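Participant: Structure file work_36.cif (mmCIF, C-alpha atoms) right here:
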data_input
#
loop_
_atom_site.label_atom_id
_atom_site.label_comp_id
_atom_site.auth_asym_id
_atom_site.auth_seq_id
_atom_site.Cartn_x
_atom_site.Cartn_y
_atom_site.Cartn_z
CA MET A 1 -23.10 -38.92 6.31
CA SER A 2 -22.17 -37.49 2.92
CA VAL A 3 -18.96 -38.54 1.22
CA ASP A 4 -16.69 -35.82 -0.18
CA ASN A 5 -15.85 -37.22 -3.61
CA GLY A 6 -13.15 -34.61 -4.21
CA LEU A 7 -11.39 -35.55 -1.00
CA PHE A 8 -11.66 -39.25 -1.80
CA ASP A 9 -10.23 -38.66 -5.29
CA ASN A 10 -7.29 -36.71 -3.88
CA LEU A 11 -6.49 -39.38 -1.31
CA ARG A 12 -6.85 -42.16 -3.87
CA ASN A 13 -4.55 -40.33 -6.29
CA GLU A 14 -1.95 -39.94 -3.55
CA LEU A 15 -2.22 -43.62 -2.74
CA ARG A 16 -1.88 -44.62 -6.39
CA ARG A 17 0.98 -42.28 -7.24
CA GLY A 18 3.63 -44.23 -5.38
CA SER A 19 2.21 -47.57 -6.45
CA LEU A 20 2.32 -46.54 -10.11
CA VAL A 21 6.08 -46.06 -10.04
CA LEU A 22 6.44 -49.49 -8.51
CA ALA A 23 4.11 -51.02 -11.11
CA VAL A 24 5.96 -49.35 -14.01
CA LEU A 25 9.37 -50.43 -12.75
CA THR A 26 8.15 -53.98 -12.19
CA GLN A 27 6.58 -54.18 -15.63
CA LEU A 28 9.78 -52.91 -17.24
CA ARG A 29 11.83 -55.86 -16.06
CA SER A 30 11.11 -56.87 -19.64
CA GLU A 31 11.54 -54.34 -22.44
CA GLN A 32 8.46 -52.49 -23.70
CA TYR A 33 7.48 -49.29 -25.43
CA GLY A 34 5.02 -46.74 -24.09
CA TYR A 35 1.79 -47.98 -25.60
CA THR A 36 2.29 -51.69 -24.88
CA LEU A 37 3.37 -50.84 -21.34
CA ARG A 38 0.16 -48.89 -20.77
CA LYS A 39 -1.86 -51.81 -22.12
CA ALA A 40 -0.02 -54.30 -19.94
CA LEU A 41 -0.58 -52.18 -16.83
CA ALA A 42 -4.27 -51.78 -17.67
CA GLU A 43 -4.62 -55.56 -18.11
CA HIS A 44 -3.33 -55.93 -14.57
CA GLY A 45 -5.85 -53.40 -13.26
CA MET A 46 -3.38 -50.50 -13.05
CA SER A 47 -4.90 -48.10 -15.55
CA ILE A 48 -2.83 -45.00 -16.13
CA ASP A 49 -3.61 -42.30 -18.60
CA GLU A 50 -1.15 -41.56 -21.38
CA GLY A 51 -0.58 -37.97 -20.30
CA THR A 52 0.79 -39.28 -17.00
CA LEU A 53 2.62 -42.44 -18.09
CA TYR A 54 4.79 -41.07 -20.90
CA PRO A 55 6.20 -38.14 -18.89
CA LEU A 56 6.73 -40.56 -15.97
CA LEU A 57 8.88 -42.81 -18.18
CA ARG A 58 11.02 -39.82 -19.10
CA ARG A 59 11.41 -38.85 -15.47
CA LEU A 60 12.42 -42.36 -14.42
CA GLU A 61 14.92 -42.47 -17.27
CA SER A 62 16.41 -39.11 -16.27
CA GLN A 63 16.73 -40.48 -12.73
CA GLY A 64 18.78 -43.35 -14.13
CA LEU A 65 16.25 -46.05 -13.28
CA LEU A 66 15.38 -46.84 -16.91
CA VAL A 67 17.30 -47.00 -20.15
CA SER A 68 15.76 -46.60 -23.57
CA GLU A 69 16.58 -47.02 -27.22
CA TRP A 70 14.85 -46.32 -30.52
CA ARG A 71 14.31 -49.45 -32.57
CA GLU A 72 12.23 -50.45 -35.56
CA GLU A 73 9.37 -52.84 -34.95
CA GLU A 74 6.56 -53.59 -37.40
CA LYS A 75 7.94 -50.95 -39.77
CA ARG A 76 7.72 -48.25 -37.08
CA ASN A 77 10.40 -46.70 -34.97
CA LYS A 78 9.57 -47.09 -31.33
CA ARG A 79 11.27 -46.11 -28.12
CA PHE A 80 11.78 -49.18 -25.94
CA TYR A 81 12.32 -48.88 -22.21
CA ARG A 82 13.77 -51.34 -19.72
CA LEU A 83 15.15 -51.30 -16.19
CA SER A 84 18.73 -50.13 -15.80
CA ALA A 85 21.12 -51.86 -13.39
CA GLU A 86 20.40 -49.14 -10.86
CA GLY A 87 16.70 -49.51 -11.53
CA LYS A 88 16.87 -53.23 -10.74
CA LEU A 89 18.53 -52.47 -7.43
CA ILE A 90 16.03 -49.78 -6.51
CA LEU A 91 13.11 -51.99 -7.54
CA LYS A 92 14.36 -54.75 -5.25
CA GLN A 93 14.50 -52.31 -2.34
CA LEU A 94 11.12 -50.79 -3.16
CA LEU A 95 9.47 -54.19 -3.38
CA ALA A 96 10.88 -55.11 0.04
CA GLU A 97 9.47 -51.84 1.38
CA TRP A 98 6.14 -52.51 -0.29
CA ARG A 99 5.89 -55.98 1.28
CA SER A 100 6.76 -54.53 4.66
CA ILE A 101 4.04 -51.86 4.36
CA ASP A 102 1.55 -54.45 3.12
CA SER A 103 2.33 -56.74 6.02
CA SER A 104 2.07 -53.91 8.57
CA LEU A 105 -1.20 -52.67 7.15
CA ASN A 106 -2.66 -56.17 7.14
CA GLY A 107 -1.61 -56.53 10.76
CA ILE A 108 -3.36 -53.24 11.63
CA LEU A 109 -6.49 -54.26 9.71
CA LYS A 110 -6.67 -57.61 11.47
CA GLY A 111 -5.84 -56.15 14.86
CA MET B 1 -4.32 -37.92 -38.82
CA GLU B 2 -4.53 -34.13 -39.04
CA LEU B 3 -6.00 -34.17 -35.56
CA VAL B 4 -2.94 -35.98 -34.15
CA ASP B 5 -0.57 -33.61 -35.95
CA ARG B 6 -2.36 -30.60 -34.54
CA TYR B 7 -2.31 -32.09 -31.05
CA LEU B 8 1.42 -32.79 -31.29
CA LYS B 9 2.07 -29.31 -32.63
CA THR B 10 0.27 -27.73 -29.68
CA VAL B 11 2.12 -29.88 -27.14
CA GLY B 12 5.35 -29.04 -28.99
CA THR B 13 4.88 -25.29 -28.59
CA LEU B 14 4.86 -25.79 -24.81
CA LEU B 15 7.78 -28.22 -24.52
CA PRO B 16 11.36 -27.34 -23.65
CA LYS B 17 13.27 -26.87 -26.94
CA GLU B 18 16.06 -29.33 -26.19
CA GLN B 19 13.62 -32.24 -25.68
CA LYS B 20 10.86 -31.22 -28.03
CA ASP B 21 11.67 -33.34 -31.10
CA ASP B 22 12.40 -36.50 -29.16
CA ILE B 23 9.26 -36.25 -27.02
CA LEU B 24 7.02 -35.49 -29.99
CA ARG B 25 8.48 -38.38 -31.96
CA GLU B 26 7.75 -40.79 -29.13
CA LEU B 27 4.30 -39.34 -28.42
CA SER B 28 3.45 -39.56 -32.10
CA GLU B 29 4.50 -43.22 -32.28
CA ASN B 30 2.49 -44.11 -29.20
CA ILE B 31 -0.68 -42.38 -30.42
CA ARG B 32 -0.41 -43.90 -33.89
CA SER B 33 0.28 -47.37 -32.44
CA GLU B 34 -2.81 -47.05 -30.28
CA MET B 35 -4.91 -46.00 -33.26
CA GLU B 36 -3.58 -48.80 -35.44
CA ASP B 37 -4.24 -51.29 -32.66
CA LYS B 38 -7.83 -50.13 -32.38
CA GLU B 39 -8.26 -50.25 -36.16
CA MET B 40 -7.02 -53.86 -36.20
CA GLU B 41 -9.38 -54.69 -33.35
CA LEU B 42 -12.36 -53.11 -35.14
CA GLY B 43 -11.31 -54.23 -38.63
CA ARG B 44 -11.90 -50.76 -40.07
CA PRO B 45 -10.40 -47.26 -39.99
CA LEU B 46 -11.27 -45.18 -36.93
CA THR B 47 -14.01 -42.61 -37.27
CA GLU B 48 -13.25 -39.00 -36.48
CA THR B 49 -15.01 -39.33 -33.11
CA GLU B 50 -12.92 -42.37 -32.22
CA GLN B 51 -9.73 -40.54 -33.19
CA GLU B 52 -10.79 -37.61 -31.02
CA ALA B 53 -11.36 -39.96 -28.09
CA VAL B 54 -7.81 -41.34 -28.42
CA VAL B 55 -6.30 -37.85 -28.61
CA LYS B 56 -8.41 -36.58 -25.74
CA ARG B 57 -7.27 -39.40 -23.49
CA HIS B 58 -3.70 -38.18 -23.88
CA GLY B 59 -4.71 -35.08 -21.95
CA ASN B 60 -4.90 -31.32 -22.20
CA PRO B 61 -1.77 -30.19 -24.13
CA LEU B 62 -0.96 -27.62 -21.45
CA LEU B 63 -0.97 -30.24 -18.69
CA VAL B 64 0.84 -32.89 -20.75
CA ALA B 65 3.64 -30.54 -21.78
CA GLY B 66 3.97 -29.37 -18.16
CA ARG B 67 4.46 -32.96 -16.97
CA TYR B 68 7.36 -33.44 -19.38
CA ARG B 69 9.27 -30.56 -17.89
CA HIS B 70 12.03 -31.35 -15.44
CA ASP B 71 11.19 -28.16 -13.63
CA GLN B 72 8.52 -29.26 -11.19
CA ARG B 73 8.47 -26.07 -9.16
CA SER B 74 5.14 -24.60 -8.13
CA VAL B 75 3.72 -21.74 -6.10
CA ALA B 76 2.28 -22.95 -2.80
CA PHE B 77 1.28 -21.21 0.40
CA GLY B 78 -0.55 -23.75 2.52
CA ARG B 79 -2.11 -25.13 -0.65
CA GLN B 80 -0.86 -25.22 -4.21
CA TRP B 81 -1.82 -22.02 -6.05
CA ILE B 82 0.08 -22.54 -9.30
CA GLY B 83 0.98 -26.10 -10.27
CA PRO B 84 4.13 -27.30 -12.06
CA GLU B 85 2.23 -27.45 -15.37
CA LEU B 86 1.53 -23.70 -15.38
CA PHE B 87 4.63 -22.62 -13.49
CA PRO B 88 6.93 -22.19 -16.54
CA LEU B 89 4.38 -19.98 -18.35
CA TYR B 90 3.76 -18.06 -15.12
CA MET B 91 7.49 -17.45 -14.70
CA LYS B 92 7.86 -16.44 -18.34
CA ILE B 93 5.11 -13.80 -18.15
CA LEU B 94 6.16 -12.56 -14.72
CA SER B 95 9.80 -12.29 -15.79
CA PHE B 96 8.86 -10.49 -19.00
CA ASN B 97 6.69 -7.95 -17.18
CA LEU B 98 9.11 -7.38 -14.35
CA GLY B 99 12.08 -7.29 -16.72
CA LEU B 100 10.41 -4.64 -18.85
CA ALA B 101 9.42 -2.58 -15.82
CA SER B 102 12.94 -2.90 -14.38
CA LEU B 103 14.49 -1.74 -17.66
CA VAL B 104 12.29 1.36 -17.69
CA ILE B 105 13.07 2.13 -14.05
CA VAL B 106 16.83 1.59 -14.47
CA ALA B 107 16.83 3.74 -17.65
CA LEU B 108 15.02 6.52 -15.80
CA PHE B 109 17.31 6.37 -12.80
CA THR B 110 20.36 6.27 -15.06
CA GLY B 111 19.04 9.32 -16.91
CA LEU B 112 18.52 11.10 -13.60
CA PHE B 113 21.98 10.18 -12.40
CA ALA B 114 23.49 11.33 -15.70
CA VAL B 115 21.90 14.73 -15.35
CA GLY B 116 23.17 15.08 -11.82
CA LYS B 117 19.97 14.47 -9.88
CA PRO B 118 20.24 12.87 -6.45
CA VAL B 119 19.59 9.19 -7.05
CA THR B 120 19.79 6.67 -4.23
CA LEU B 121 20.00 2.91 -4.26
CA SER B 122 17.12 2.70 -1.80
CA GLY B 123 15.01 4.77 -4.20
CA LEU B 124 15.76 2.35 -7.01
CA VAL B 125 15.00 -0.67 -4.82
CA GLN B 126 11.77 0.94 -3.65
CA ALA B 127 10.60 1.55 -7.23
CA MET B 128 11.44 -2.05 -8.14
CA LEU B 129 9.61 -3.40 -5.09
CA ILE B 130 6.47 -1.44 -5.95
CA GLN B 131 6.48 -3.04 -9.41
CA LEU B 132 7.12 -6.47 -7.92
CA VAL B 133 4.15 -6.17 -5.55
CA ILE B 134 1.73 -4.77 -8.15
CA GLN B 135 2.64 -7.00 -11.08
CA GLY B 136 3.51 -10.08 -9.04
CA GLY B 137 0.21 -9.86 -7.17
CA ILE B 138 -2.05 -9.48 -10.16
CA ILE B 139 -0.28 -12.06 -12.34
CA THR B 140 -0.19 -14.59 -9.49
CA ALA B 141 -3.90 -14.07 -8.79
CA ILE B 142 -4.85 -14.61 -12.43
CA PHE B 143 -2.68 -17.72 -12.75
CA ALA B 144 -4.10 -19.11 -9.50
CA ALA B 145 -7.60 -18.76 -10.99
CA VAL B 146 -6.53 -20.53 -14.21
CA ASN B 147 -4.84 -23.26 -12.13
CA THR B 148 -8.04 -23.86 -10.15
CA GLN B 149 -9.99 -24.28 -13.37
CA LEU B 150 -7.43 -26.70 -14.82
CA THR B 151 -7.30 -28.76 -11.64
CA LYS B 152 -11.05 -28.97 -11.29
CA HIS B 153 -11.75 -29.67 -14.95
CA PRO B 154 -8.63 -31.18 -16.56
CA ASP B 155 -10.75 -32.80 -19.28
CA ARG B 156 -12.58 -29.62 -20.24
CA TRP B 157 -11.00 -29.20 -23.64
CA ASP B 158 -12.08 -30.25 -27.09
CA PRO B 159 -9.63 -31.78 -29.58
CA ARG B 160 -11.81 -30.49 -32.43
CA LYS B 161 -11.68 -26.92 -31.19
CA PRO B 162 -8.19 -25.64 -31.29
CA GLY B 163 -7.14 -23.25 -28.71
CA GLY B 164 -7.15 -26.48 -27.40
CA ILE B 165 -5.32 -27.33 -30.53
CA PRO B 166 -4.25 -24.79 -33.14
CA PRO B 167 -4.32 -26.18 -36.66
CA PRO B 168 -1.44 -25.70 -39.08
CA GLN B 169 -0.51 -22.09 -39.63
CA PHE B 170 -0.06 -20.54 -43.03
CA ASP B 171 2.46 -17.99 -44.05
CA ALA B 172 1.30 -14.45 -44.58
CA GLY B 173 3.94 -14.05 -47.24
CA GLY B 174 6.92 -13.41 -45.04
CA ALA B 175 8.24 -13.80 -41.57
CA THR B 176 4.80 -13.21 -40.05
CA LYS B 177 2.35 -16.04 -39.53
CA CYS B 178 -1.42 -15.91 -39.41
CA GLU B 179 -3.39 -18.41 -37.42
CA VAL B 180 -6.79 -19.51 -38.56
CA ARG B 181 -7.47 -20.32 -34.92
CA VAL B 182 -6.10 -18.49 -31.92
CA PRO B 183 -4.15 -20.70 -29.46
CA ARG B 184 -5.84 -20.51 -26.07
CA VAL B 185 -2.49 -20.20 -24.30
CA GLU B 186 -1.78 -17.07 -26.33
CA SER B 187 -5.15 -15.54 -25.42
CA ILE B 188 -4.62 -16.31 -21.72
CA ALA B 189 -1.14 -14.74 -21.83
CA GLN B 190 -2.49 -11.65 -23.62
CA PHE B 191 -5.28 -11.28 -21.06
CA ILE B 192 -2.86 -11.54 -18.14
CA ILE B 193 -0.37 -9.04 -19.57
CA LEU B 194 -3.11 -6.51 -20.36
CA ALA B 195 -4.75 -6.92 -16.94
CA ALA B 196 -1.37 -6.25 -15.31
CA SER B 197 -0.92 -3.22 -17.61
CA VAL B 198 -4.28 -1.75 -16.57
CA VAL B 199 -3.38 -2.08 -12.89
CA TRP B 200 0.01 -0.53 -13.56
CA LEU B 201 -1.51 2.35 -15.57
CA ARG B 202 -3.97 3.01 -12.76
CA ALA B 203 -1.17 3.08 -10.20
CA THR B 204 1.02 5.41 -12.29
CA ASN B 205 -1.89 7.74 -13.02
CA ALA B 206 -2.75 7.97 -9.33
CA SER B 207 0.81 8.63 -8.25
CA SER B 208 4.14 9.16 -10.03
CA HIS B 209 5.60 7.13 -7.18
CA ALA B 210 4.53 3.91 -8.89
CA ILE B 211 6.81 4.64 -11.86
CA PHE B 212 9.55 6.86 -10.45
CA GLY B 213 9.75 5.53 -6.87
CA ALA B 214 11.68 7.92 -4.61
CA ALA B 215 12.57 10.01 -7.68
CA ALA B 216 8.93 11.11 -7.81
CA SER B 217 9.92 13.99 -5.56
CA VAL B 218 11.85 15.53 -8.48
CA LEU B 219 10.16 13.96 -11.51
CA SER B 220 6.62 13.98 -12.74
CA LEU B 221 4.79 12.95 -15.88
CA SER B 222 3.63 15.75 -18.14
CA PRO B 223 -0.11 16.47 -18.50
CA ALA B 224 -0.04 14.76 -21.92
CA TRP B 225 0.23 11.36 -20.17
CA HIS B 226 -2.83 12.10 -18.05
CA GLN B 227 -4.72 13.05 -21.20
CA VAL B 228 -3.96 9.68 -22.81
CA TYR B 229 -4.64 7.71 -19.60
CA TRP B 230 -8.26 6.84 -20.38
CA PRO B 231 -7.65 6.10 -24.08
CA LEU B 232 -4.79 3.77 -23.03
CA VAL B 233 -6.99 2.04 -20.44
CA MET B 234 -9.79 1.67 -23.01
CA VAL B 235 -7.39 0.14 -25.55
CA ALA B 236 -6.13 -2.33 -22.93
CA ILE B 237 -9.69 -3.22 -21.90
CA VAL B 238 -10.71 -3.81 -25.52
CA GLY B 239 -7.67 -6.09 -25.85
CA MET B 240 -8.70 -7.94 -22.68
CA ILE B 241 -12.26 -8.41 -23.95
CA GLN B 242 -10.91 -9.68 -27.27
CA SER B 243 -8.57 -12.16 -25.58
CA ALA B 244 -11.33 -13.31 -23.18
CA ILE B 245 -13.63 -13.94 -26.15
CA ASN B 246 -10.85 -15.83 -27.99
CA ILE B 247 -10.27 -18.02 -24.93
CA TYR B 248 -13.82 -19.32 -25.37
CA TYR B 249 -13.99 -18.98 -29.16
CA PRO B 250 -10.50 -19.74 -30.51
CA ALA B 251 -11.87 -20.12 -34.03
CA TRP B 252 -12.70 -16.40 -34.14
CA ALA B 253 -9.31 -15.52 -35.63
CA ARG B 254 -10.77 -12.89 -37.96
CA PHE B 255 -12.44 -11.22 -35.01
CA ARG B 256 -9.04 -11.04 -33.35
CA SER B 257 -7.40 -9.56 -36.43
CA TRP B 258 -10.12 -6.92 -36.79
CA THR B 259 -9.93 -6.00 -33.10
CA GLN B 260 -6.14 -5.94 -33.17
CA MET B 261 -6.25 -3.63 -36.19
CA GLY B 262 -8.46 -1.27 -34.21
CA ILE B 263 -6.12 -1.48 -31.24
CA ASN B 264 -3.06 -0.84 -33.43
CA ALA B 265 -4.74 2.16 -35.06
CA ALA B 266 -5.81 3.56 -31.67
CA GLY B 267 -2.29 2.99 -30.37
CA LEU B 268 -0.85 4.89 -33.32
CA ALA B 269 -3.24 7.79 -32.67
CA ILE B 270 -2.17 7.88 -29.01
CA VAL B 271 1.53 7.78 -29.93
CA TYR B 272 0.95 10.55 -32.52
CA PHE B 273 -0.77 12.68 -29.87
CA LEU B 274 2.08 12.08 -27.42
CA ILE B 275 4.74 12.93 -30.00
CA GLN B 276 3.04 16.29 -30.54
CA GLY B 277 3.58 17.04 -26.85
CA ARG B 278 7.40 17.24 -27.05
CA ALA B 279 7.75 17.13 -23.24
CA TRP B 280 6.84 13.92 -21.46
CA VAL B 281 8.64 14.23 -18.18
CA THR B 282 8.85 17.44 -16.18
CA LEU B 283 10.98 18.42 -13.21
CA ARG B 284 9.48 19.08 -9.82
CA VAL B 285 12.01 21.59 -8.57
CA PRO B 286 11.83 25.08 -7.12
CA ASP B 287 11.06 27.71 -9.83
CA GLY B 288 14.43 29.32 -9.58
CA THR B 289 16.36 26.14 -10.42
CA VAL B 290 14.41 24.98 -13.49
CA ASP B 291 16.76 26.67 -15.96
CA ILE B 292 19.74 24.77 -14.58
CA HIS B 293 18.12 21.44 -15.36
CA GLU B 294 16.62 22.28 -18.75
CA HIS B 295 19.42 20.72 -20.79
CA SER B 296 19.39 17.53 -18.70
CA LEU B 297 15.62 17.24 -18.99
CA ALA B 298 15.92 17.62 -22.77
CA ILE B 299 18.12 14.49 -22.86
CA VAL B 300 15.50 12.46 -20.94
CA ASN B 301 12.71 13.70 -23.18
CA GLN B 302 14.78 13.02 -26.30
CA SER B 303 15.11 9.38 -25.19
CA ILE B 304 11.36 9.14 -24.71
CA PHE B 305 10.86 10.68 -28.16
CA TYR B 306 12.93 7.90 -29.76
CA GLY B 307 11.02 5.34 -27.68
CA LEU B 308 7.74 6.69 -29.04
CA LEU B 309 9.08 6.54 -32.60
CA ILE B 310 10.03 2.89 -32.10
CA ALA B 311 6.57 2.19 -30.64
CA ALA B 312 4.99 3.83 -33.71
CA LEU B 313 7.08 1.66 -36.05
CA ILE B 314 6.12 -1.51 -34.17
CA LEU B 315 2.44 -0.54 -34.28
CA ILE B 316 2.63 0.14 -38.03
CA GLY B 317 4.25 -3.28 -38.51
CA LEU B 318 1.53 -4.99 -36.48
CA LEU B 319 -1.17 -3.12 -38.37
CA ILE B 320 0.24 -4.28 -41.71
CA MET B 321 0.53 -7.84 -40.40
CA ASN B 322 -3.11 -7.88 -39.29
CA VAL B 323 -4.30 -6.50 -42.62
CA ARG B 324 -2.32 -9.20 -44.46
CA CYS B 325 -3.71 -11.89 -42.16
CA LEU B 326 -7.26 -10.78 -42.90
CA VAL B 327 -6.58 -10.84 -46.64
CA HIS B 328 -5.11 -14.36 -46.39
CA MET B 329 -7.98 -15.61 -44.28
CA LYS B 330 -10.43 -14.20 -46.82
CA ASP B 331 -8.55 -16.01 -49.63
CA LYS B 332 -8.75 -19.23 -47.63
#
Could you write out this structure as structure tokens?

Facilitator:
Amino acid sequence: MSVDNGLFDNLRNELRRGSLVLAVLTQLRSEQYGYTLRKALAEHGMSIDEGTLYPLLRRLESQGLLVSEWREEEKRNKRFYRLSAEGKLILKQLLAEWRSIDSSLNGILKG
Amino acid sequence: MELVDRYLKTVGTLLPKEQKDDILRELSENIRSEMEDKEMELGRPLTETEQEAVVKRHGNPLLVAGRYRHDQRSVAFGRQWIGPELFPLYMKILSFNLGLASLVIVALFTGLFAVGKPVTLSGLVQAMLIQLVIQGGIITAIFAAVNTQLTKHPDRWDPRKPGGIPPPQFDAGGATKCEVRVPRVESIAQFIILAASVVWLRATNASSHAIFGAAASVLSLSPAWHQVYWPLVMVAIVGMIQSAINIYYPAWARFRSWTQMGINAAGLAIVYFLIQGRAWVTLRVPDGTVDIHEHSLAIVNQSIFYGLLIAALILIGLLIMNVRCLVHMKDK
């Protein structure tokens, strides 16, 4: 049976999309700027291309989940992001949801 | 770092104005940090190929800029035909074309009303709807094709070949700017507008209904328009061929300027021929009543005369701009 790579890619992208938001929010419990955040995510096996991550940060900020500020570091001005109070609350709820899905899926897989 | 600057400039042209500076500043810092990091890791400056790889990973400027937009609307019937990345450009071109067509239609209907012709709201709506179907259909189809290409091959762009990425522009000694490379977005937009124009010309040549709507029962275009139909179509097709070539060869800026000069000159010749005609719209009324409407018709034709004069002035301006661009490119 042949595998439709395009279909697999689409389904994988859908699966990753939601997880990426969770990964970004979790990683931003401590303050980081775009490039270091991407590196940190990649080190944890969550590679995300720049053209997706940077606009995503903006979107999360406009949704009130992140706050940012420009600050100088190593003689360069960088925009640092971290979770907002609302972001912390949402992250807590999302993580609970994630664990619930994980547990259900594991139950289905074992069953 | 010229490569990074050019990349940022291209993304910038596609970003919403209010966020542009802030986004570019951040994007620039992130790209430069990544490059510096790699240089520290390697213990040497990055080669051009390595710089290109970093820039390329940031993504096609068209897609990246689209992702920064808050407007995530798309066109979807069953499946997505035009994604959020292309949607703003799609809306801009569609609005421009429909806006222009609506202005012409409203002006014509106003003229008719002013001269006492029977004008109905349903006639106006019908004329607008015809334009919406023709232009909306063709522009949507072209954008859907571009969207399919971008979705299937998002990485099919080359940071070294602008169009892709237009390099810095240089002044042509005034308000006009000449590009040593033609931005691909510009060529795509030109192609779409001209394709829509050809379809519209064909429809208006086949039936006055496409331009006058219900008013076609009393109005018709003079024979002069039918005489310039094929020259107009040829000019539009030449423009489409030029833009199609520049989509694949954005560096052929001189080719564009030469072709545009030809198009401008041909346009001027067509406008000159039309101006000689002196009557561009005629009345379709019983023979006995023509005299009554002669004065009113003169007003409509006078308006078209001024429109043609303005078109001639614009064409002369464009012709001069293209000549100056060619001179500057030669100097370069």

Participant: For a quick test of understanding: name the residues of chain B lying within 7 Å of chain A when counting all atoms listed in the file, and present them as a list of chain:residue names.

Facilitator: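 Here is what falls inside 7 Å: B:Glu26, B:Glu29, B:Asn30, B:Glu34, B:Arg57, B:His58, B:Gly59, B:Val64, B:Arg67, B:Tyr68.
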
Participant: Suppose you want the space between atom CA of A:Leu41 and atom CA of B:Lys38; what is it in Å?

Facilitator: 17.3 Å

Participant: Do you know which residues the PyMOL selection byres ((chain B and resi 82) around 12) returns on this file, as an mmCIF file with C-alpha atoms, keeping the file's coordinate frame?

Facilitator:
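Just written: expr.cif:
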data_model
loop_
_atom_site.group_PDB
_atom_site.id
_atom_site.type_symbol
_atom_site.label_atom_id
_atom_site.label_comp_id
_atom_site.auth_asym_id
_atom_site.auth_seq_id
_atom_site.Cartn_x
_atom_site.Cartn_y
_atom_site.Cartn_z
ATOM 1 C CA GLY B 66 3.970 -29.370 -18.160
ATOM 2 C CA GLN B 72 8.520 -29.260 -11.190
ATOM 3 C CA ARG B 73 8.470 -26.070 -9.160
ATOM 4 C CA SER B 74 5.140 -24.600 -8.130
ATOM 5 C CA VAL B 75 3.720 -21.740 -6.100
ATOM 6 C CA ALA B 76 2.280 -22.950 -2.800
ATOM 7 C CA PHE B 77 1.280 -21.210 0.400
ATOM 8 C CA GLY B 78 -0.550 -23.750 2.520
ATOM 9 C CA ARG B 79 -2.110 -25.130 -0.650
ATOM 10 C CA GLN B 80 -0.860 -25.220 -4.210
ATOM 11 C CA TRP B 81 -1.820 -22.020 -6.050
ATOM 12 C CA GLY B 83 0.980 -26.100 -10.270
ATOM 13 C CA PRO B 84 4.130 -27.300 -12.060
ATOM 14 C CA GLU B 85 2.230 -27.450 -15.370
ATOM 15 C CA LEU B 86 1.530 -23.700 -15.380
ATOM 16 C CA PHE B 87 4.630 -22.620 -13.490
ATOM 17 C CA PRO B 88 6.930 -22.190 -16.540
ATOM 18 C CA LEU B 89 4.380 -19.980 -18.350
ATOM 19 C CA TYR B 90 3.760 -18.060 -15.120
ATOM 20 C CA MET B 91 7.490 -17.450 -14.700
ATOM 21 C CA ILE B 139 -0.280 -12.060 -12.340
ATOM 22 C CA THR B 140 -0.190 -14.590 -9.490
ATOM 23 C CA ALA B 141 -3.900 -14.070 -8.790
ATOM 24 C CA ILE B 142 -4.850 -14.610 -12.430
ATOM 25 C CA PHE B 143 -2.680 -17.720 -12.750
ATOM 26 C CA ALA B 144 -4.100 -19.110 -9.500
ATOM 27 C CA ALA B 145 -7.600 -18.760 -10.990
ATOM 28 C CA VAL B 146 -6.530 -20.530 -14.210
ATOM 29 C CA ASN B 147 -4.840 -23.260 -12.130
ATOM 30 C CA THR B 148 -8.040 -23.860 -10.150
ATOM 31 C CA GLN B 149 -9.990 -24.280 -13.370
ATOM 32 C CA LEU B 150 -7.430 -26.700 -14.820
ATOM 33 C CA THR B 151 -7.300 -28.760 -11.640
#

Participant: Give me, please, the distance in Å between atom CA of B:Leu14 and atom CA of B:Leu27, quoted to one decimal.

Facilitator: 14.0 Å

Participant: To one decimal place in Å, what is the distance between atom CA of B:Arg256 and atom CA of B:Pro159?

Facilitator: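 Between atom CA of B:Arg256 and atom CA of B:Pro159 the gap works out to 21.1 Å.
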
Participant: Go through B:Leu108, B:Leu194, B:Lys152, B:Val11 one by one, measure the shortest atom-to-atom distance of each to A:Asp9 using only C-alpha atoms, and give the residue with the smallest value.

Facilitator: B:Lys152

Participant: Quick one: residues within 12 Å of A:Met46, all atoms listed in the file, excluding same-chain residues fewer than 5 positions away - as a VMD selection string?

Facilitator: chain A and resid 16 to 17 19 to 24 27 37 to 41 53

Participant: First collect every listed atom of stretch 148-157 of chain B; then fit an axis-aligned box around them, widen it by 3 Å on each side, and give centre and edge lengths in Å to one decimal, as lines of an AutoDock Vina configuration file.

Facilitator:
center_x = -9.9
center_y = -28.3
center_z = -16.9
size_x = 11.3
size_y = 14.9
size_z = 19.5

Participant: Which is closest to B:Thr10 among B:Asp22, B:Pro183, B:Val119, B:Val55, if we use all atoms listed in the file?

Facilitator: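 Of B:Asp22, B:Pro183, B:Val119, B:Val55, the one nearest B:Thr10 is B:Pro183, counting all atoms listed in the file.
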
Participant: Set the distance at 12 Å and use only C-alpha atoms: which residues neighbour B:Val238 once local chain neighbours fewer than 2 positions away are removed? I'd like the list as a list in words.

Facilitator: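 Returned residues: Gln190, Phe191, Leu194, Ala195, Val198, Pro231, Leu232, Val233, Met234, Val235, Ala236, Met240, Ile241, Gln242, Ser243, Ala244, Ile245, Arg256, Trp258, Thr259, Gln260, Met261, Gly262, Ile263, Asn264, Ala266 and Gly267 of chain B.
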
Participant: Kindly indicate which residue among A:Leu25, A:Gly18, A:Ala42, A:Ile101 lies nearest to A:Leu65, using only C-alpha atoms for the distances.

Facilitator: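 So, comparing all the options, the nearest one is A:Leu25.
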
Participant: Hey, which of B:Ile275, B:Leu268, B:Val185, B:Ala127 ends up closest to B:Tyr248? Count all atoms listed in the file.

Facilitator: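 Closest residue, counting all atoms listed in the file: B:Val185.
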